[in-house]
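Accompanying notes for the structure given below.
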Amino acid sequence: MRLVPVPVRKYAKGKPLPIDANFRFYVPCSITRDSIAINLDNYMISVPSYPKECPVPHPFSYTIYLGNNPFADLNTQLRSFVGGANLQVRGNVIVMKSDMQGALRPMTTQDFFFVQRMVVDFPSSRASTPPLTRSQSKKCSLLAGQGSLKQSYLLHINQSRSSPKCLALQFISMPEMALELLSWSDWSTLIAFSRISKYGRDMAQLATLYRIRSEVAPFVTRIKFQDFMDMLHRTGGGIVGSVPRLMLADNCKFMMKRKRYAPADINLLVLQGQLQEAKSFFKTLGYSKWITLTVETVYKGVVSEVIEGVRPASPGVNQATVNISECKGGLFETVVTAPITALANLITPLSVYSIYPGLIFSKKAISSDRFGVSFSRRTPSSYTFECTNAEWTAPCRFNCPAEDRRSVGDKGVGIFRWSGRFDVPVSRFEDTDYLLGENVIAWRLSMRCRNPHCRNYTPPAVF
């Protein structure tokens, strides 16, 4: 054990109280990036007297601070205390001593024996308090302090240094650190992080929200973002086109090599009969110029009408364009009708969908080789396209352009549920996402696959 200094914050008057100690220097507590407040009651346990049944008046009270790191190792040294063999304490524990007026008092080595027994007996003597299993690092620390950095002391129980694995887990267990890490990660890393635990999934969902909000910011201001999602939910709509493409490709290799691409417009799909509600929403955002566009040939079977709205430039606001398509059937049918793999992605108020998730990090997109399929394309774009995949070096699997696929039971569609704000509709089929199960859709992008490693390979001599 050893004593080390601990700072306290500036206090209004009198002597510092336990709540003035900067315990987070030794027992970090993490809050989300959007939070500006922290509830100390979640980390602080007051011990007004110890031992509780002692008839002698107590000159001191105590405060115990616990962290919130679920990845910290069990503290083996704390278990070496008398009676502590069965303790399940994880990480740092800070104990502060106060006088009867509540002011912090310095600890000395003479307090060691007393505090050791208090931290061992406390869980059983205060059954209504949280158990000592929510603390923050591999070491156990006992704190007492007063006044300032030079006058505050920490009673520290030494242990061996944390392993690199433990330090990494401690790092990612802090939400602000995890979100910063995910902001620089590609989509596959974000999905992998979401599979660590419920905590990892929560952080990945929050990071996805930030990404989507960032991509739509040129068209929908941040303050209106949630209203925008509410509108999409009411109209059964979703975002398609370049915005999902860029969001999914963010931080991948080809996007990092050059100046970031910016979407020329935002493309939306809404269900039959919902076009006017979507249009009315964008009118409130300043989109004042509207025209009706011709539905492209490839989409004529699934889209009934397309309108385009323009928000004129004004001081501090750039010009923006929105295209809204009204679907004849469901959203998924329209998405898989895309004649190019880079456009077969969808963002809804609940989930992110990618029909060809293995191709989202490739600058080259595969286009349909079907006769008569044509489509317009703006330049510059975040992708190039060809109708051949002859250079692929591994089996295509679900990314095969010639694979005959079905929406029900398909295992190749990448789906990530990023929002819990809305109830998830019940699917018609037990093993299929509700959106994929709205209608049983069959699709096949191309007639031929030129990848010699694929089971659907068609030699060049065959047309």
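In the structure tokens, chains take letters A, B, ... by order of appearance, with residues numbered from 1 within each chain and ligands from 1 in the order shown.
For segment 415-418 of chain A, the set of protein, DNA and RNA residues having any atom at most 8 Å away, when counting only C-alpha atoms and skipping those fewer than 3 positions along the same chain, is Ile191, Ala204, Gln205, Leu206, Thr208, Leu209, Leu350, Ser351, Val352, Tyr353 and Ser354 of chain A.
Across the model, the gap from atom CA of Met255 of chain A to atom CA of Ile172 of chain A is 25.1 Å.
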